$ cat work.cif   # mmCIF, C-alpha atoms, pLDDT in the B column; chains and numbers go by the auth columns
data_query
#
loop_
_atom_site.group_PDB
_atom_site.id
_atom_site.type_symbol
_atom_site.label_atom_id
_atom_site.label_comp_id
_atom_site.label_asym_id
_atom_site.label_seq_id
_atom_site.Cartn_x
_atom_site.Cartn_y
_atom_site.Cartn_z
_atom_site.B_iso_or_equiv
_atom_site.auth_seq_id
_atom_site.auth_asym_id
ATOM 1 C CA MET A 1 -33.164 86.904 72.426 53.00 1 Z
ATOM 2 C CA SER A 2 -32.670 83.954 70.069 56.00 2 Z
ATOM 3 C CA VAL A 3 -29.632 82.811 72.043 59.00 3 Z
ATOM 4 C CA ALA A 4 -31.623 82.887 75.284 59.00 4 Z
ATOM 5 C CA TRP A 5 -34.427 80.855 73.707 56.00 5 Z
ATOM 6 C CA MET A 6 -31.911 78.271 72.446 60.00 6 Z
ATOM 7 C CA ALA A 7 -30.332 78.108 75.911 64.00 7 Z
ATOM 8 C CA MET A 8 -33.773 77.417 77.387 63.00 8 Z
ATOM 9 C CA GLY A 9 -34.187 74.608 74.875 60.00 9 Z
ATOM 10 C CA VAL A 10 -30.839 73.029 75.780 68.00 10 Z
ATOM 11 C CA GLY A 11 -31.558 73.313 79.507 67.00 11 Z
ATOM 12 C CA GLY A 12 -35.018 71.867 78.978 67.00 12 Z
ATOM 13 C CA MET A 13 -33.526 68.838 77.201 67.00 13 Z
ATOM 14 C CA PHE A 14 -31.493 67.889 80.266 70.00 14 Z
ATOM 15 C CA GLY A 15 -34.453 68.624 82.517 72.00 15 Z
ATOM 16 C CA CYS A 16 -36.740 66.329 80.500 71.00 16 Z
ATOM 17 C CA ILE A 17 -34.267 63.445 80.647 73.00 17 Z
ATOM 18 C CA GLY A 18 -33.635 63.766 84.382 74.00 18 Z
ATOM 19 C CA GLY A 19 -37.267 64.472 85.224 74.00 19 Z
ATOM 20 C CA GLY A 20 -38.466 61.518 83.157 73.00 20 Z
ATOM 21 C CA TYR A 21 -36.290 59.017 84.991 75.00 21 Z
ATOM 22 C CA LEU A 22 -37.073 60.490 88.396 77.00 22 Z
ATOM 23 C CA THR A 23 -40.857 60.481 87.938 77.00 23 Z
ATOM 24 C CA GLN A 24 -40.858 57.018 86.365 76.00 24 Z
ATOM 25 C CA TYR A 25 -38.534 55.130 88.691 77.00 25 Z
ATOM 26 C CA SER A 26 -38.418 57.034 92.000 78.00 26 Z
ATOM 27 C CA HIS A 27 -40.682 58.565 94.621 78.00 27 Z
ATOM 28 C CA PRO A 28 -41.893 62.130 93.889 75.00 28 Z
ATOM 29 C CA LYS A 29 -40.307 63.379 97.108 78.00 29 Z
ATOM 30 C CA TYR A 30 -36.836 62.925 95.579 78.00 30 Z
ATOM 31 C CA THR A 31 -37.817 65.069 92.614 76.00 31 Z
ATOM 32 C CA PHE A 32 -38.977 67.886 94.901 77.00 32 Z
ATOM 33 C CA LEU A 33 -35.825 67.455 97.002 80.00 33 Z
ATOM 34 C CA ILE A 34 -33.581 67.936 93.964 78.00 34 Z
ATOM 35 C CA VAL A 35 -35.552 70.930 92.746 74.00 35 Z
ATOM 36 C CA SER A 36 -35.319 72.534 96.182 78.00 36 Z
ATOM 37 C CA PHE A 37 -31.533 72.570 95.880 78.00 37 Z
ATOM 38 C CA MET A 38 -31.738 74.848 92.826 74.00 38 Z
ATOM 39 C CA GLY A 39 -32.457 77.853 95.019 75.00 39 Z
ATOM 40 C CA LEU A 40 -29.488 76.952 97.210 80.00 40 Z
ATOM 41 C CA ILE A 41 -27.237 76.774 94.149 81.00 41 Z
ATOM 42 C CA ILE A 42 -28.376 80.232 93.037 77.00 42 Z
ATOM 43 C CA ALA A 43 -27.695 81.562 96.543 79.00 43 Z
ATOM 44 C CA LEU A 44 -24.178 80.095 96.493 81.00 44 Z
ATOM 45 C CA ILE A 45 -23.506 81.624 93.091 79.00 45 Z
ATOM 46 C CA GLY A 46 -24.678 84.948 94.489 74.00 46 Z
ATOM 47 C CA THR A 47 -21.906 84.812 97.104 77.00 47 Z
ATOM 48 C CA THR A 48 -19.328 84.910 94.289 77.00 48 Z
ATOM 49 C CA LEU A 49 -20.360 88.406 93.191 70.00 49 Z
ATOM 50 C CA THR A 50 -17.409 90.753 93.273 68.00 50 Z
ATOM 51 C CA LYS A 51 -17.218 94.212 94.777 61.00 51 Z
ATOM 52 C CA GLU A 52 -16.987 95.660 91.283 60.00 52 Z
ATOM 53 C CA ALA A 53 -20.341 94.120 90.371 55.00 53 Z
ATOM 54 C CA GLU A 54 -21.933 95.668 93.457 53.00 54 Z
ATOM 55 C CA GLN A 55 -20.500 99.059 92.539 51.00 55 Z
ATOM 56 C CA ASN A 56 -21.844 98.784 88.998 50.00 56 Z
ATOM 57 C CA GLU A 57 -25.283 97.934 90.345 46.00 57 Z
ATOM 58 C CA ALA A 58 -25.147 100.903 92.698 48.00 58 Z
ATOM 59 C CA GLU A 59 -24.237 103.196 89.800 52.00 59 Z
ATOM 60 C CA ILE A 60 -27.228 101.923 87.819 47.00 60 Z
ATOM 61 C CA GLU A 61 -29.540 102.583 90.760 49.00 61 Z
ATOM 62 C CA ASN A 62 -28.165 106.091 91.164 53.00 62 Z
ATOM 63 C CA GLN A 63 -28.658 106.799 87.482 50.00 63 Z
ATOM 64 C CA GLY A 64 -32.280 105.687 87.819 50.00 64 Z
ATOM 65 C CA GLU A 65 -32.775 108.011 90.822 52.00 65 Z
ATOM 66 C CA ASN A 66 -33.897 105.251 93.142 53.00 66 Z
ATOM 67 C CA LYS A 67 -36.099 107.020 95.724 62.00 67 Z
ATOM 68 C CA GLY A 68 -37.662 104.004 97.365 68.00 68 Z
ATOM 69 C CA PHE A 69 -40.134 101.269 96.519 67.00 69 Z
ATOM 70 C CA TRP A 70 -43.364 103.314 96.554 74.00 70 Z
ATOM 71 C CA SER A 71 -41.842 106.175 94.630 78.00 71 Z
ATOM 72 C CA ASN A 72 -40.505 103.834 91.958 73.00 72 Z
ATOM 73 C CA LEU A 73 -43.835 102.000 91.832 72.00 73 Z
ATOM 74 C CA LYS A 74 -45.692 105.270 91.227 79.00 74 Z
ATOM 75 C CA THR A 75 -43.202 106.212 88.517 77.00 75 Z
ATOM 76 C CA ASN A 76 -43.574 102.838 86.816 73.00 76 Z
ATOM 77 C CA PHE A 77 -47.378 103.059 86.772 77.00 77 Z
ATOM 78 C CA THR A 78 -47.148 106.567 85.352 80.00 78 Z
ATOM 79 C CA GLN A 79 -44.878 105.313 82.580 77.00 79 Z
ATOM 80 C CA ILE A 80 -47.215 102.412 81.857 76.00 80 Z
ATOM 81 C CA GLY A 81 -50.167 104.808 81.702 80.00 81 Z
ATOM 82 C CA LEU A 82 -48.354 106.958 79.150 77.00 82 Z
ATOM 83 C CA ALA A 83 -47.399 103.907 77.107 77.00 83 Z
ATOM 84 C CA LEU A 84 -50.966 102.572 77.086 77.00 84 Z
ATOM 85 C CA ARG A 85 -52.045 105.653 75.152 81.00 85 Z
ATOM 86 C CA MET A 86 -49.976 104.436 72.202 81.00 86 Z
ATOM 87 C CA PRO A 87 -51.955 102.305 69.705 82.00 87 Z
ATOM 88 C CA GLU A 88 -48.925 100.049 69.269 76.00 88 Z
ATOM 89 C CA ILE A 89 -49.121 99.113 72.947 80.00 89 Z
ATOM 90 C CA TYR A 90 -52.831 98.799 73.707 82.00 90 Z
ATOM 91 C CA CYS A 91 -53.555 96.965 70.439 83.00 91 Z
ATOM 92 C CA VAL A 92 -50.967 94.347 71.366 81.00 92 Z
ATOM 93 C CA ILE A 93 -52.492 93.964 74.846 82.00 93 Z
ATOM 94 C CA ILE A 94 -55.996 93.565 73.368 85.00 94 Z
ATOM 95 C CA PHE A 95 -54.613 90.918 71.027 82.00 95 Z
ATOM 96 C CA PHE A 96 -53.098 88.961 73.935 80.00 96 Z
ATOM 97 C CA VAL A 97 -56.318 89.032 75.965 82.00 97 Z
ATOM 98 C CA LEU A 98 -58.525 88.049 73.011 83.00 98 Z
ATOM 99 C CA ASN A 99 -56.083 85.320 72.028 78.00 99 Z
ATOM 100 C CA GLY A 100 -56.275 83.920 75.566 77.00 100 Z
ATOM 101 C CA LEU A 101 -60.080 84.048 75.589 78.00 101 Z
ATOM 102 C CA PHE A 102 -60.617 82.389 72.224 77.00 102 Z
ATOM 103 C CA SER A 103 -57.681 79.957 72.383 72.00 103 Z
ATOM 104 C CA PRO A 104 -58.280 77.870 75.530 66.00 104 Z
ATOM 105 C CA SER A 105 -55.482 75.747 76.918 68.00 105 Z
ATOM 106 C CA PHE A 106 -56.001 72.016 77.435 67.00 106 Z
ATOM 107 C CA GLY A 107 -52.518 71.178 78.676 66.00 107 Z
ATOM 108 C CA GLN A 108 -53.614 69.497 81.914 70.00 108 Z
ATOM 109 C CA PHE A 109 -56.408 67.565 80.208 76.00 109 Z
ATOM 110 C CA SER A 110 -53.963 66.416 77.549 80.00 110 Z
ATOM 111 C CA TYR A 111 -51.497 65.216 80.187 79.00 111 Z
ATOM 112 C CA PHE A 112 -54.014 63.031 82.001 83.00 112 Z
ATOM 113 C CA PHE A 113 -55.493 61.786 78.724 86.00 113 Z
ATOM 114 C CA MET A 114 -52.088 60.598 77.545 85.00 114 Z
ATOM 115 C CA LEU A 115 -51.297 58.836 80.810 84.00 115 Z
ATOM 116 C CA ASN A 116 -54.703 57.404 81.735 86.00 116 Z
ATOM 117 C CA VAL A 117 -56.336 56.774 78.349 85.00 117 Z
ATOM 118 C CA ALA A 118 -53.539 56.414 75.812 85.00 118 Z
ATOM 119 C CA GLY A 119 -51.305 54.558 78.283 85.00 119 Z
ATOM 120 C CA ILE A 120 -48.239 56.751 77.734 86.00 120 Z
ATOM 121 C CA THR A 121 -45.698 56.203 80.510 84.00 121 Z
ATOM 122 C CA LYS A 122 -44.166 59.090 82.429 81.00 122 Z
ATOM 123 C CA LEU A 123 -40.781 58.375 80.879 82.00 123 Z
ATOM 124 C CA LYS A 124 -42.209 58.467 77.347 83.00 124 Z
ATOM 125 C CA TYR A 125 -44.040 61.670 78.188 83.00 125 Z
ATOM 126 C CA ALA A 126 -40.732 63.181 79.321 81.00 126 Z
ATOM 127 C CA MET A 127 -39.106 62.047 76.070 81.00 127 Z
ATOM 128 C CA PHE A 128 -41.831 63.917 74.180 81.00 128 Z
ATOM 129 C CA GLY A 129 -40.672 66.956 76.114 79.00 129 Z
ATOM 130 C CA LEU A 130 -37.094 66.229 75.036 80.00 130 Z
ATOM 131 C CA ILE A 131 -38.149 66.182 71.373 80.00 131 Z
ATOM 132 C CA SER A 132 -40.111 69.344 72.051 78.00 132 Z
ATOM 133 C CA LYS A 133 -37.000 71.148 73.289 78.00 133 Z
ATOM 134 C CA VAL A 134 -35.055 70.012 70.237 79.00 134 Z
ATOM 135 C CA CYS A 135 -37.833 71.490 68.103 78.00 135 Z
ATOM 136 C CA HIS A 136 -37.518 74.706 70.102 76.00 136 Z
ATOM 137 C CA ILE A 137 -33.877 74.968 69.098 78.00 137 Z
ATOM 138 C CA LEU A 138 -34.587 74.133 65.455 79.00 138 Z
ATOM 139 C CA GLY A 139 -37.504 76.566 65.378 78.00 139 Z
ATOM 140 C CA THR A 140 -35.298 79.298 66.839 79.00 140 Z
ATOM 141 C CA MET A 141 -32.604 78.647 64.240 80.00 141 Z
ATOM 142 C CA TYR A 142 -35.217 78.749 61.475 79.00 142 Z
ATOM 143 C CA TYR A 143 -36.648 82.021 62.769 79.00 143 Z
ATOM 144 C CA LYS A 144 -33.213 83.604 63.019 79.00 144 Z
ATOM 145 C CA ALA A 145 -32.219 82.462 59.532 81.00 145 Z
ATOM 146 C CA TYR A 146 -35.409 83.168 57.561 81.00 146 Z
ATOM 147 C CA LEU A 147 -38.052 85.045 59.573 80.00 147 Z
ATOM 148 C CA LYS A 148 -36.360 87.711 61.692 78.00 148 Z
ATOM 149 C CA ASP A 149 -36.724 90.319 58.925 81.00 149 Z
ATOM 150 C CA THR A 150 -40.319 89.334 58.116 83.00 150 Z
ATOM 151 C CA GLU A 151 -43.213 91.419 59.418 84.00 151 Z
ATOM 152 C CA THR A 152 -44.435 90.209 62.802 81.00 152 Z
ATOM 153 C CA ARG A 153 -48.064 90.051 61.709 82.00 153 Z
ATOM 154 C CA THR A 154 -47.105 87.874 58.739 86.00 154 Z
ATOM 155 C CA VAL A 155 -45.262 85.362 60.924 85.00 155 Z
ATOM 156 C CA ILE A 156 -48.121 85.272 63.460 82.00 156 Z
ATOM 157 C CA TYR A 157 -50.613 84.829 60.607 85.00 157 Z
ATOM 158 C CA TYR A 158 -48.874 81.676 59.402 85.00 158 Z
ATOM 159 C CA SER A 159 -48.363 80.577 63.007 82.00 159 Z
ATOM 160 C CA THR A 160 -52.128 80.823 63.556 81.00 160 Z
ATOM 161 C CA ILE A 161 -52.784 78.683 60.475 85.00 161 Z
ATOM 162 C CA MET A 162 -50.370 76.050 61.784 82.00 162 Z
ATOM 163 C CA CYS A 163 -52.045 76.236 65.199 78.00 163 Z
ATOM 164 C CA VAL A 164 -55.480 75.560 63.661 82.00 164 Z
ATOM 165 C CA PHE A 165 -54.088 72.548 61.808 83.00 165 Z
ATOM 166 C CA SER A 166 -52.312 71.313 64.938 81.00 166 Z
ATOM 167 C CA THR A 167 -55.508 71.637 66.993 80.00 167 Z
ATOM 168 C CA GLY A 168 -57.359 69.544 64.410 85.00 168 Z
ATOM 169 C CA LEU A 169 -54.741 66.829 64.790 85.00 169 Z
ATOM 170 C CA LYS A 170 -55.215 66.907 68.576 83.00 170 Z
ATOM 171 C CA PHE A 171 -58.933 66.339 68.024 87.00 171 Z
ATOM 172 C CA CYS A 172 -58.095 63.333 65.850 89.00 172 Z
ATOM 173 C CA PHE A 173 -55.909 61.963 68.633 88.00 173 Z
ATOM 174 C CA ALA A 174 -58.598 62.502 71.289 87.00 174 Z
ATOM 175 C CA SER A 175 -61.130 60.759 69.034 90.00 175 Z
ATOM 176 C CA ARG A 176 -58.627 57.880 68.586 90.00 176 Z
ATOM 177 C CA TRP A 177 -58.833 58.192 64.807 92.00 177 Z
ATOM 178 C CA ASN A 178 -55.113 57.547 64.545 89.00 178 Z
ATOM 179 C CA LEU A 179 -55.612 53.986 65.800 90.00 179 Z
ATOM 180 C CA ALA A 180 -58.401 53.481 63.264 90.00 180 Z
ATOM 181 C CA VAL A 181 -55.920 54.087 60.433 90.00 181 Z
ATOM 182 C CA GLY A 182 -53.158 52.020 62.057 89.00 182 Z
ATOM 183 C CA VAL A 183 -50.951 54.809 63.459 88.00 183 Z
ATOM 184 C CA SER A 184 -49.731 54.237 67.014 89.00 184 Z
ATOM 185 C CA ASP A 185 -50.139 56.882 69.686 89.00 185 Z
ATOM 186 C CA VAL A 186 -46.384 57.386 70.077 86.00 186 Z
ATOM 187 C CA MET A 187 -45.748 57.928 66.374 86.00 187 Z
ATOM 188 C CA PHE A 188 -48.762 60.212 66.042 87.00 188 Z
ATOM 189 C CA LEU A 189 -47.706 62.356 69.007 85.00 189 Z
ATOM 190 C CA VAL A 190 -44.107 62.646 67.848 83.00 190 Z
ATOM 191 C CA PHE A 191 -44.970 63.803 64.341 80.00 191 Z
ATOM 192 C CA THR A 192 -47.956 65.980 65.214 80.00 192 Z
ATOM 193 C CA ASP A 193 -48.376 67.368 68.699 70.00 193 Z
ATOM 194 C CA VAL A 194 -44.700 67.697 69.578 70.00 194 Z
ATOM 195 C CA VAL A 195 -43.313 68.959 66.269 74.00 195 Z
ATOM 196 C CA PHE A 196 -46.240 71.165 65.265 75.00 196 Z
ATOM 197 C CA GLY A 197 -46.716 72.455 68.790 67.00 197 Z
ATOM 198 C CA CYS A 198 -43.124 73.595 69.108 70.00 198 Z
ATOM 199 C CA LEU A 199 -42.938 75.128 65.662 74.00 199 Z
ATOM 200 C CA VAL A 200 -46.075 77.113 66.414 72.00 200 Z
ATOM 201 C CA LEU A 201 -44.556 78.132 69.752 68.00 201 Z
ATOM 202 C CA ALA A 202 -41.288 79.271 68.185 72.00 202 Z
ATOM 203 C CA MET A 203 -43.085 81.165 65.411 77.00 203 Z
ATOM 204 C CA ASN A 204 -45.377 82.876 67.926 76.00 204 Z
ATOM 205 C CA ILE A 205 -43.187 83.710 70.910 75.00 205 Z
ATOM 206 C CA LEU A 206 -40.082 84.971 69.103 78.00 206 Z
ATOM 207 C CA PRO A 207 -41.974 87.388 66.838 80.00 207 Z
ATOM 208 C CA CYS A 208 -43.856 88.723 69.873 77.00 208 Z
ATOM 209 C CA LEU A 209 -40.625 89.273 71.789 75.00 209 Z
ATOM 210 C CA ALA A 210 -39.148 91.029 68.762 77.00 210 Z
ATOM 211 C CA LEU A 211 -42.302 93.141 68.571 79.00 211 Z
ATOM 212 C CA PHE A 212 -41.908 94.109 72.242 76.00 212 Z
ATOM 213 C CA ALA A 213 -38.420 95.410 71.499 76.00 213 Z
ATOM 214 C CA LYS A 214 -39.676 97.424 68.512 78.00 214 Z
ATOM 215 C CA ILE A 215 -42.712 99.108 70.071 77.00 215 Z
ATOM 216 C CA THR A 216 -41.313 99.836 73.548 77.00 216 Z
ATOM 217 C CA PRO A 217 -40.769 103.598 73.912 72.00 217 Z
ATOM 218 C CA PRO A 218 -37.181 104.679 74.645 71.00 218 Z
ATOM 219 C CA GLY A 219 -36.343 105.407 78.246 69.00 219 Z
ATOM 220 C CA ILE A 220 -38.923 103.060 79.789 73.00 220 Z
ATOM 221 C CA GLU A 221 -37.888 99.807 78.115 73.00 221 Z
ATOM 222 C CA GLY A 222 -37.679 97.758 81.298 75.00 222 Z
ATOM 223 C CA THR A 223 -41.043 98.853 82.692 75.00 223 Z
ATOM 224 C CA VAL A 224 -43.049 98.448 79.478 77.00 224 Z
ATOM 225 C CA PHE A 225 -41.336 95.203 78.461 77.00 225 Z
ATOM 226 C CA ALA A 226 -42.095 93.694 81.880 79.00 226 Z
ATOM 227 C CA PHE A 227 -45.719 94.904 81.661 79.00 227 Z
ATOM 228 C CA LEU A 228 -46.216 93.422 78.184 78.00 228 Z
ATOM 229 C CA THR A 229 -44.610 90.128 79.203 78.00 229 Z
ATOM 230 C CA GLY A 230 -46.753 89.975 82.354 81.00 230 Z
ATOM 231 C CA THR A 231 -49.915 90.647 80.343 81.00 231 Z
ATOM 232 C CA TRP A 232 -48.950 87.934 77.898 78.00 232 Z
ATOM 233 C CA ASN A 233 -48.329 85.416 80.693 77.00 233 Z
ATOM 234 C CA MET A 234 -51.616 86.334 82.379 79.00 234 Z
ATOM 235 C CA ALA A 235 -53.555 85.815 79.145 75.00 235 Z
ATOM 236 C CA ASP A 236 -51.798 82.497 78.542 72.00 236 Z
ATOM 237 C CA SER A 237 -51.938 81.013 82.049 71.00 237 Z
ATOM 238 C CA VAL A 238 -54.977 82.671 83.650 68.00 238 Z
ATOM 239 C CA VAL A 239 -57.389 83.801 80.923 58.00 239 Z
ATOM 240 C CA SER A 240 -56.779 80.898 78.545 58.00 240 Z
ATOM 241 C CA PRO A 241 -57.484 77.982 80.994 56.00 241 Z
ATOM 242 C CA MET A 242 -60.760 79.666 82.019 51.00 242 Z
#
$ encode --input "work.cif" --output "structure tokens"
Amino acid sequence: MSVAWMAMGVGGMFGCIGGGYLTQYSHPKYTFLIVSFMGLIIALIGTTLTKEAEQNEAEIENQGENKGFWSNLKTNFTQIGLALRMPEIYCVIIFFVLNGLFSPSFGQFSYFFMLNVAGITKLKYAMFGLISKVCHILGTMYYKAYLKDTETRTVIYYSTIMCVFSTGLKFCFASRWNLAVGVSDVMFLVFTDVVFGCLVLAMNILPCLALFAKITPPGIEGTVFAFLTGTWNMADSVVSPM
């Protein structure tokens, strides 16, 4: 899990650099053209699958008694229904929904405020993303070294405190108080929004993923893990912006 999160950080670093130059110095159509090739690359990689890999996949399907889409869908919903009776599961789901309702997301507003009000260029904005990905990697290393054996609720508790402090700093930036004390927008964003935001993210996401692995009942790991992750994404991207 930690390795995957670090890999996402490394990949995001290259994406921020390339995306920053493309959006700053070229037409958007070239950016979409490059992104469209990613699916083609995945398709080409898929053609390199060996016969042994196909056999292994077939064995896994046979072990799972694959009886068709609707039959598997009914089985999955039955498993989810059984899991939702466990306090460990439905309490986590309630937490995600309430967190989305009471912690609104202002990502799009922040983006346009930086570009149109603060005068941050697209390239600088991309470089903030690059620093953000570096913080992801550092936050992951810190979690793995010092926090992986700590109770999840304890880590989330301190993450929430950091989030409150970080949100207060965002309010200071929106009110332009940083300029009143002589701190430039770039310096303020680097040492507040980017660093604090990513540390909060690393201290919130990784403990939740570890919690998923702990509370998922044996035998239905894939179904319940996917359901919890989907609920989390819905609360973060649908409920929170509302």
$ resolve_selection --input "work.cif" --expression "the PyMOL selection byres ((chain Z and resi 137-142) around 6)" --output "ChimeraX atom specification"
/Z:6,9,134-136,143-146,199,202
$ residues_around --input "work.cif" --residues "Tyr21 of chain Z" --least-positions-apart "4" --cutoff "7 Å" --atoms "only C-alpha atoms" --output "PyMOL selection string"
chain Z and resi 17+25+123
$ write_last_selection --input "work.cif" --atoms "C-alpha atoms" --output "PDB file, keeping the file's coordinate frame"
ATOM      1  CA  ILE Z  17     -34.267  63.445  80.647  1.00 73.00           C
ATOM      2  CA  TYR Z  25     -38.534  55.130  88.691  1.00 77.00           C
ATOM      3  CA  LEU Z 123     -40.781  58.375  80.879  1.00 82.00           C
TER       4      LEU Z 123
END
$ resolve_selection --input "work.cif" --expression "the PyMOL selection byres ((chain Z and resi 203) around 10)" --output "list in words"
His136, Gly139, Thr140, Tyr142, Tyr143, Leu147, Thr152, Val155, Ile156, Tyr157, Tyr158, Ser159, Thr160, Met162, Cys198, Leu199, Val200, Leu201, Ala202, Asn204, Ile205, Leu206, Pro207 and Cys208 of chain Z
$ write_last_selection --input "work.cif" --atoms "C-alpha atoms" --output "JSON list (two decimals), keeping the file's coordinate frame"
[["chain", "number", "residue", "atom", "x", "y", "z"],
["Z", 136, "HIS", "CA", -37.52, 74.71, 70.10],
["Z", 139, "GLY", "CA", -37.50, 76.57, 65.38],
["Z", 140, "THR", "CA", -35.30, 79.30, 66.84],
["Z", 142, "TYR", "CA", -35.22, 78.75, 61.48],
["Z", 143, "TYR", "CA", -36.65, 82.02, 62.77],
["Z", 147, "LEU", "CA", -38.05, 85.04, 59.57],
["Z", 152, "THR", "CA", -44.44, 90.21, 62.80],
["Z", 155, "VAL", "CA", -45.26, 85.36, 60.92],
["Z", 156, "ILE", "CA", -48.12, 85.27, 63.46],
["Z", 157, "TYR", "CA", -50.61, 84.83, 60.61],
["Z", 158, "TYR", "CA", -48.87, 81.68, 59.40],
["Z", 159, "SER", "CA", -48.36, 80.58, 63.01],
["Z", 160, "THR", "CA", -52.13, 80.82, 63.56],
["Z", 162, "MET", "CA", -50.37, 76.05, 61.78],
["Z", 198, "CYS", "CA", -43.12, 73.60, 69.11],
["Z", 199, "LEU", "CA", -42.94, 75.13, 65.66],
["Z", 200, "VAL", "CA", -46.08, 77.11, 66.41],
["Z", 201, "LEU", "CA", -44.56, 78.13, 69.75],
["Z", 202, "ALA", "CA", -41.29, 79.27, 68.18],
["Z", 204, "ASN", "CA", -45.38, 82.88, 67.93],
["Z", 205, "ILE", "CA", -43.19, 83.71, 70.91],
["Z", 206, "LEU", "CA", -40.08, 84.97, 69.10],
["Z", 207, "PRO", "CA", -41.97, 87.39, 66.84],
["Z", 208, "CYS", "CA", -43.86, 88.72, 69.87]]
$ residues_around --input "work.cif" --residues "Val224 of chain Z" --least-positions-apart "6" --cutoff "10 Å" --atoms "all atoms listed in the file" --output "list in words"
Asn76, Phe77, Gln79, Ile80, Gly81, Ala83, Leu84, Ile89, Phe212, Ala213, Ile215, Thr216, Pro217, Pro218 and Gly230 of chain Z
$ closest_residue --input "work.cif" --among "Z:Leu211, Z:Lys148, Z:Lys122, Z:Ser175" --to "Ser26 of chain Z" --atoms "all atoms listed in the file"
Z:Lys122
$ atom_distance --input "work.cif" --atom1 "atom CA of Gly182 of chain Z" --atom2 "atom CA of Ile120 of chain Z"
17.1 Å
$ atom_distance --input "work.cif" --atom1 "atom CA of Lys74 of chain Z" --atom2 "atom CA of Gly222 of chain Z"
14.8 Å
$ build_atoms --input "work.cif" --residues "segment 19-36 of chain Z" --atoms "N, CA and C atoms" --output "short mmCIF file (atom, residue, chain, number, x, y, z; two decimals), keeping the file's coordinate frame"
data_model
loop_
_atom_site.label_atom_id
_atom_site.label_comp_id
_atom_site.auth_asym_id
_atom_site.auth_seq_id
_atom_site.Cartn_x
_atom_site.Cartn_y
_atom_site.Cartn_z
N GLY Z 19 -35.93 64.53 84.66
CA GLY Z 19 -37.27 64.47 85.22
C GLY Z 19 -38.01 63.21 84.83
N GLY Z 20 -37.80 62.74 83.60
CA GLY Z 20 -38.47 61.52 83.16
C GLY Z 20 -38.06 60.30 83.97
N TYR Z 21 -36.76 60.15 84.20
CA TYR Z 21 -36.29 59.02 84.99
C TYR Z 21 -36.72 59.12 86.46
N LEU Z 22 -36.69 60.32 87.00
CA LEU Z 22 -37.07 60.49 88.40
C LEU Z 22 -38.55 60.18 88.62
N THR Z 23 -39.42 60.71 87.76
CA THR Z 23 -40.86 60.48 87.94
C THR Z 23 -41.26 59.05 87.62
N GLN Z 24 -40.51 58.38 86.75
CA GLN Z 24 -40.86 57.02 86.36
C GLN Z 24 -40.37 55.98 87.37
N TYR Z 25 -39.16 56.19 87.90
CA TYR Z 25 -38.53 55.13 88.69
C TYR Z 25 -38.28 55.49 90.15
N SER Z 26 -38.68 56.68 90.61
CA SER Z 26 -38.42 57.03 92.00
C SER Z 26 -39.64 57.71 92.60
N HIS Z 27 -39.58 57.91 93.90
CA HIS Z 27 -40.68 58.56 94.62
C HIS Z 27 -40.67 60.06 94.31
N PRO Z 28 -41.85 60.69 94.19
CA PRO Z 28 -41.89 62.13 93.89
C PRO Z 28 -41.14 63.01 94.87
N LYS Z 29 -40.97 62.54 96.12
CA LYS Z 29 -40.31 63.38 97.11
C LYS Z 29 -38.86 63.66 96.71
N TYR Z 30 -38.22 62.70 96.00
CA TYR Z 30 -36.84 62.92 95.58
C TYR Z 30 -36.76 63.99 94.48
N THR Z 31 -37.77 64.03 93.64
CA THR Z 31 -37.82 65.07 92.61
C THR Z 31 -37.92 66.45 93.25
N PHE Z 32 -38.84 66.60 94.22
CA PHE Z 32 -38.98 67.89 94.90
C PHE Z 32 -37.72 68.23 95.69
N LEU Z 33 -37.05 67.20 96.24
CA LEU Z 33 -35.83 67.46 97.00
C LEU Z 33 -34.74 68.02 96.10
N ILE Z 34 -34.60 67.46 94.91
CA ILE Z 34 -33.58 67.94 93.96
C ILE Z 34 -33.90 69.35 93.51
N VAL Z 35 -35.16 69.60 93.21
CA VAL Z 35 -35.55 70.93 92.75
C VAL Z 35 -35.31 71.97 93.83
N SER Z 36 -35.51 71.58 95.08
CA SER Z 36 -35.32 72.53 96.18
C SER Z 36 -33.87 73.00 96.29
#
